[in-house]
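Peer 1: Okay, handing you the structure first.
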Amino acid sequence: MSMRWKPLVVLGIGAVALLLGGCVGRWRTHAPQALFALRPAEGVAPLTVTCDATLSYDEDGTIVEYVWDFGDGARGLGPIVSHTYQTGGTYRIRLEVFDDQGLSDQIETQIQVEFPPPVAQFSYAPWRPGTGEFIRFDASSSSSPNGEIVEYRWSFGDGNWATGQVVEHRYWYGGGYPVTLTVIDEVGAKATVTQVIEVQGGPGCYTP
C-alpha cells in the first residue's frame, strides 16, 4: 500500500514546490499606468486645453475608463478631452485610469492660466491745447474683463505724473508730449497706452 501511493505524494509535493517557486507570480495582476500631456501647457484666458492620455498603458490588460478632474469644478471622460478655462488662475488637472481588472492609477499636474489684460483708453480736451491751458484727461473708457480697474497712473511726458480716472494737467512750453496711461485691475493685470499731445505756442506765461 505504501509503495502504491508514494508517486502520488511525490507528485503532490512537486506541484506545491512549483507554485511556491514563482509560477504564481506569472499570474500576478498589474495596475495601469496613468500618463497624459497638455496642449498648450499655459496661456491667457479663455484658454482651451487638450488633455491627451493615450500615453497611459496597462501591462496585462486594457484601460477601460479615463476620468478627468480639471480643478475648476468640471470633469471629463475619455482618453482625449478638451476643456476651456474661462478665468485666470492656477488649476490642478488630475487623471485617473481604470483597467478591465478594476485596478486604477492616477496622476496630476498644474496649469497656469494668465488673466487677460485690461484695455487702457483715454480722451483729452481741448483737442489743441495752448501753453498754460488746463487739459482734462479722462480714462473712464478703460475697461477690464477681470472686473473693476482699481488704479489709473498718468505720466505726462514732462516729468510730472498723477493718479485717478480723471485728471488735469497743463504745459508751459509748446511741443509734443507723450502722455502715458497705465491701468491696473482688481486681479493685478495691467495695460498701458500712450498718446502724443501737441501743445500749441511757445513758452507760456506762468501764473501760479
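Just remember, in the C-alpha cells the first chain shown is A, the second B, etc., residues are 1-based per chain, and ligands are 1-based in the order shown.
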Can you list, as a count of residues only, all residues belonging to stretch 8-163 of chain A that DSSP tags as strand (DSSP E or B)?

Peer 2: 72

Peer 1: Which neighbours of A:Asn160 fall inside 12 Å, counting only C-alpha atoms, when residues of the same chain fewer than 6 positions from it are skipped, and could you give them as a list in words?

Peer 2: Arg153, Trp154, Glu168, His169, Arg170, Tyr171, Tyr177, Pro178, Val179 and Thr180 of chain A

Peer 1: Atom CA of A:Glu42 to atom CA of A:Thr90: how many Å, to one decimal?

Peer 2: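 Distance between the two atoms: 9.9 Å.
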
Peer 1: Dump as a Markdown table the rows for residues of stretch 99-137 of chain A within 12 Å of stretch 62-79 of chain A: closest atom pair and distance in Å with one decimal, only C-alpha atoms counted, ordered by chain and rising residue number.

Peer 2:
| residue | atom | partner | partner_atom | distance |
| --- | --- | --- | --- | --- |
| A:Asp99 | CA | A:Ile63 | CA | 4.0 |
| A:Asp100 | CA | A:Thr62 | CA | 5.7 |
| A:Gln101 | CA | A:Thr62 | CA | 8.4 |
| A:Gly102 | CA | A:Val64 | CA | 9.2 |
| A:Leu103 | CA | A:Ile63 | CA | 9.3 |
| A:Ser104 | CA | A:Ile63 | CA | 8.9 |
| A:Asp105 | CA | A:Tyr66 | CA | 10.1 |
| A:Gln106 | CA | A:Val67 | CA | 9.2 |
| A:Ile107 | CA | A:Trp68 | CA | 10.0 |
| A:Glu108 | CA | A:Asp69 | CA | 9.1 |
| A:Thr109 | CA | A:Phe70 | CA | 9.9 |
| A:Gln110 | CA | A:Gly71 | CA | 8.9 |
| A:Ile111 | CA | A:Gly71 | CA | 9.5 |
| A:Gln112 | CA | A:Gly71 | CA | 11.5 |
| A:Val113 | CA | A:Asp72 | CA | 11.7 |

Peer 1: Could you dump the residues just selected with C-alpha atoms as a tab-separated table (two decimals), in the first residue's frame?

Peer 2:
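Okay, result_27.tsv is ready:
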chain	number	residue	atom	x	y	z
A	99	ASP	CA	-8.37	48.82	-16.29
A	100	ASP	CA	-10.53	45.77	-17.07
A	101	GLN	CA	-9.49	44.14	-13.78
A	102	GLY	CA	-10.77	47.02	-11.66
A	103	LEU	CA	-7.32	48.39	-10.84
A	104	SER	CA	-6.56	52.10	-11.14
A	105	ASP	CA	-3.82	54.71	-11.15
A	106	GLN	CA	-3.86	58.48	-11.06
A	107	ILE	CA	-1.58	61.40	-11.85
A	108	GLU	CA	-1.95	65.17	-11.61
A	109	THR	CA	-0.22	68.35	-12.70
A	110	GLN	CA	-0.83	72.10	-12.54
A	111	ILE	CA	-1.59	74.54	-15.31
A	112	GLN	CA	-1.13	78.31	-15.10
A	113	VAL	CA	-3.80	80.33	-16.90

Peer 1: Name the residues of stretch 16-207 of chain A that fall into helix (DSSP H, G or I) according to DSSP on the backbone, using the chain letters and numbers of this document, as an MDAnalysis selection string.

Peer 2: chainID A and resid 16:20 23:27

Peer 1: Extract, using only C-alpha atoms, all DNA, RNA and protein residues at most 8 Å from A:Thr163, discarding same-chain residues fewer than 2 positions from it, and format them as a PyMOL selection string.

Peer 2: chain A and resi 151-154+161+165+167

Peer 1: Please write the residues from the selection above to a file, keeping C-alpha atoms, as a PDB file, in the first residue's frame.

Peer 2:
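For reference, again.pdb as written:
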ATOM      1  CA  GLU A 151      -5.727 102.161 -10.317  1.00  0.00           C
ATOM      2  CA  TYR A 152      -5.029 104.760 -13.018  1.00  0.00           C
ATOM      3  CA  ARG A 153      -1.485 106.106 -13.367  1.00  0.00           C
ATOM      4  CA  TRP A 154      -0.580 109.017 -15.619  1.00  0.00           C
ATOM      5  CA  TRP A 161       2.640 112.339 -13.051  1.00  0.00           C
ATOM      6  CA  GLN A 165      -9.579 108.217 -13.500  1.00  0.00           C
ATOM      7  CA  VAL A 167      -7.064 114.345 -14.018  1.00  0.00           C
TER       8      VAL A 167
END

Peer 1: Within 10 Å of stretch 82-87 of chain A, counting only C-alpha atoms, which residues qualify if same-chain residues fewer than 5 places away don't, as a PyMOL selection string?

Peer 2: chain A and resi 38-39+43-52+70-72+74-76+113-116+145-146

Peer 1: How would the residues just chosen look if you wrote them out with N, CA and C atoms as a CSV table (one decimal), in the first residue's frame?

Peer 2:
chain,number,residue,atom,x,y,z
A,38,LEU,N,-0.4,67.9,-22.0
A,38,LEU,CA,-1.3,69.0,-22.2
A,38,LEU,C,-0.9,69.8,-23.4
A,39,ARG,N,-1.9,70.3,-24.2
A,39,ARG,CA,-1.6,71.2,-25.3
A,39,ARG,C,-2.6,72.3,-25.3
A,43,GLY,N,-1.2,79.7,-21.0
A,43,GLY,CA,-1.8,80.7,-21.9
A,43,GLY,C,-2.7,81.7,-21.2
A,44,VAL,N,-3.4,82.5,-22.0
A,44,VAL,CA,-4.2,83.5,-21.5
A,44,VAL,C,-5.7,83.1,-21.6
A,45,ALA,N,-6.4,83.4,-20.5
A,45,ALA,CA,-7.9,83.0,-20.5
A,45,ALA,C,-8.6,83.9,-21.5
A,46,PRO,N,-9.7,83.4,-22.1
A,46,PRO,CA,-10.2,82.0,-22.1
A,46,PRO,C,-9.2,81.1,-22.8
A,47,LEU,N,-8.8,80.0,-22.1
A,47,LEU,CA,-7.8,79.1,-22.7
A,47,LEU,C,-8.4,77.7,-22.8
A,48,THR,N,-8.4,77.2,-24.1
A,48,THR,CA,-8.8,75.8,-24.3
A,48,THR,C,-7.6,74.9,-24.3
A,49,VAL,N,-7.7,73.9,-23.5
A,49,VAL,CA,-6.6,72.9,-23.3
A,49,VAL,C,-7.0,71.5,-23.7
A,50,THR,N,-6.2,70.9,-24.5
A,50,THR,CA,-6.4,69.5,-24.9
A,50,THR,C,-5.6,68.6,-24.0
A,51,CYS,N,-6.3,67.6,-23.4
A,51,CYS,CA,-5.6,66.7,-22.5
A,51,CYS,C,-5.6,65.3,-23.1
A,52,ASP,N,-4.4,64.8,-23.3
A,52,ASP,CA,-4.2,63.6,-24.1
A,52,ASP,C,-3.6,62.5,-23.2
A,70,PHE,N,-10.6,68.8,-13.8
A,70,PHE,CA,-9.9,69.9,-14.3
A,70,PHE,C,-9.6,71.0,-13.3
A,71,GLY,N,-10.0,70.8,-12.1
A,71,GLY,CA,-9.6,71.7,-11.0
A,71,GLY,C,-10.4,73.0,-10.9
A,72,ASP,N,-11.5,73.1,-11.7
A,72,ASP,CA,-12.3,74.3,-11.6
A,72,ASP,C,-13.8,73.8,-11.5
A,74,ALA,N,-15.1,71.3,-13.1
A,74,ALA,CA,-15.6,70.5,-14.3
A,74,ALA,C,-14.8,69.2,-14.3
A,75,ARG,N,-15.5,68.2,-14.9
A,75,ARG,CA,-14.9,66.8,-15.1
A,75,ARG,C,-15.1,66.4,-16.5
A,76,GLY,N,-14.4,65.3,-16.9
A,76,GLY,CA,-14.5,64.8,-18.2
A,76,GLY,C,-14.2,63.3,-18.3
A,113,VAL,N,-3.0,79.6,-15.9
A,113,VAL,CA,-3.8,80.3,-16.9
A,113,VAL,C,-3.7,81.8,-16.5
A,114,GLU,N,-3.2,82.6,-17.5
A,114,GLU,CA,-3.0,84.0,-17.2
A,114,GLU,C,-4.3,84.8,-17.4
A,115,PHE,N,-4.5,85.8,-16.6
A,115,PHE,CA,-5.6,86.7,-16.7
A,115,PHE,C,-5.4,87.6,-18.0
A,116,PRO,N,-6.5,87.8,-18.8
A,116,PRO,CA,-6.3,88.7,-19.9
A,116,PRO,C,-6.1,90.1,-19.4
A,145,PRO,N,-11.8,92.8,-18.5
A,145,PRO,CA,-12.7,91.6,-18.5
A,145,PRO,C,-12.6,90.9,-17.1
A,146,ASN,N,-11.7,91.3,-16.3
A,146,ASN,CA,-11.5,90.6,-15.0
A,146,ASN,C,-12.2,91.3,-13.8

Peer 1: If you measure from atom CA of A:Asp158 to atom CA of A:Ala139, what distance in Å do you get, rounded to one decimal?

Peer 2: 19.3 Å

Peer 1: Work out how far atom CA of A:Arg92 is from atom CA of A:Val150, in Å to one decimal.

Peer 2: 28.9 Å

Peer 1: Give me the residues near A:Pro126 as a PDB file with N, CA and C atoms, in the first residue's frame, where near means some atom within 10 Å (using only C-alpha atoms) and where sequence neighbours in that chain fewer than 6 positions away do not count.

Peer 2:
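This went into part.pdb:
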ATOM      1  N   GLU A 133      -2.670 126.188 -20.597  1.00  0.00           N
ATOM      2  CA  GLU A 133      -4.092 125.847 -20.568  1.00  0.00           C
ATOM      3  C   GLU A 133      -4.276 124.463 -19.926  1.00  0.00           C
ATOM      4  N   PHE A 134      -5.251 124.376 -19.034  1.00  0.00           N
ATOM      5  CA  PHE A 134      -5.516 123.094 -18.394  1.00  0.00           C
ATOM      6  C   PHE A 134      -6.118 122.115 -19.407  1.00  0.00           C
ATOM      7  N   ILE A 135      -5.579 120.891 -19.387  1.00  0.00           N
ATOM      8  CA  ILE A 135      -6.073 119.815 -20.243  1.00  0.00           C
ATOM      9  C   ILE A 135      -6.705 118.769 -19.339  1.00  0.00           C
ATOM     10  N   ARG A 136      -7.908 118.356 -19.709  1.00  0.00           N
ATOM     11  CA  ARG A 136      -8.625 117.348 -18.920  1.00  0.00           C
ATOM     12  C   ARG A 136      -8.419 115.974 -19.563  1.00  0.00           C
ATOM     13  N   PHE A 137      -7.839 115.052 -18.801  1.00  0.00           N
ATOM     14  CA  PHE A 137      -7.592 113.693 -19.274  1.00  0.00           C
ATOM     15  C   PHE A 137      -8.602 112.753 -18.599  1.00  0.00           C
TER      16      PHE A 137
END

Peer 1: Which residue, A:Glu148, A:Asp60, A:Glu198, A:Asp138, has the smallest gap to A:Thr29 when you use only C-alpha atoms?

Peer 2: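 Using only C-alpha atoms, A:Thr29 sits closest to A:Asp60.
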
Peer 1: Find the spatial neighbours of A:Gly202, counting only C-alpha atoms, within a cut-off of 9 Å - ignore same-chain residues fewer than 6 positions away - and output them as a PyMOL selection string.

Peer 2: chain A and resi 130-131+172-175
